[in-house]
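Everything below concerns the one structure shown next.
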Amino acid sequence: MVGPFLDDQFFADIKKLFEDGKLVDRKAAALAISQSNYQPAKALLDKYPELIAAIQNNELSWDTLTGQ
């Protein structure tokens, strides 16, 4: 998983998922960011409070994303 290793190098890819990606891509990016301490990514995720809430309420997880 990318989340714990998110940094400048990977942030551009995560950011693209939010800008150009489908909903499933945004959800995956949100999950990765939720496992990160990288502040620029956290600031990006803050723009999507519905994804934050879904993660906090266990409505969005890697299992739910993959249909398990």
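Identifiers in this document derive from the order of the structure tokens: chains are assigned A, B, ..., residues are numbered from 1 separately in each chain, and ligands are numbered from 1 in order of occurrence.
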>> Show me, as a PyMOL selection string, the residues that have an atom within 12 Å of Lys16 of chain A when counting only C-alpha atoms, minus same-chain residues fewer than 6 positions from it.
In response: chain A and resi 10+22+25-26+28-30+41+44
Selected residues, C-alpha atoms, written as an mmCIF file, in the first residue's frame, please.
data_model
loop_
_atom_site.group_PDB
_atom_site.id
_atom_site.type_symbol
_atom_site.label_atom_id
_atom_site.label_comp_id
_atom_site.auth_asym_id
_atom_site.auth_seq_id
_atom_site.Cartn_x
_atom_site.Cartn_y
_atom_site.Cartn_z
ATOM 1 C CA PHE A 10 3.851 9.748 -5.196
ATOM 2 C CA LYS A 22 -13.438 8.069 -11.580
ATOM 3 C CA ASP A 25 -10.132 6.117 -8.165
ATOM 4 C CA ARG A 26 -10.948 8.969 -5.768
ATOM 5 C CA ALA A 28 -8.746 4.513 -3.508
ATOM 6 C CA ALA A 29 -6.742 7.738 -3.293
ATOM 7 C CA ALA A 30 -8.701 8.784 -0.200
ATOM 8 C CA ALA A 41 -2.147 14.892 0.826
ATOM 9 C CA LEU A 44 -6.195 17.529 -0.497
#
>> Please list as a PyMOL selection string every residue within 12 Å of Leu45 of chain A, counting only C-alpha atoms and excluding residues in the same chain fewer than 4 positions away.
In response: chain A and resi 11+14-15+17-19+26-41+49-53+55
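For the atom pair formed by atom CA of Leu60 of chain A and atom CA of Gln9 of chain A, the distance is 25.5 Å, given to one decimal.
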>> Which of chain A end up as helix (DSSP H, G or I) when DSSP is run on this backbone - answer as a ChimeraX atom specification?
In response: /A:3-5,8-20,23-34,39-45,49-56,62-66
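Taking atom CA of Ala54 of chain A and atom CA of Asp8 of chain A as the two end points, the separation is 25.8 Å.
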> Which is closest to Leu6 of chain A among A:Thr66, A:Gln56, A:Lys42, A:Tyr48, if we use only C-alpha atoms?
Replying inline: A:Lys42
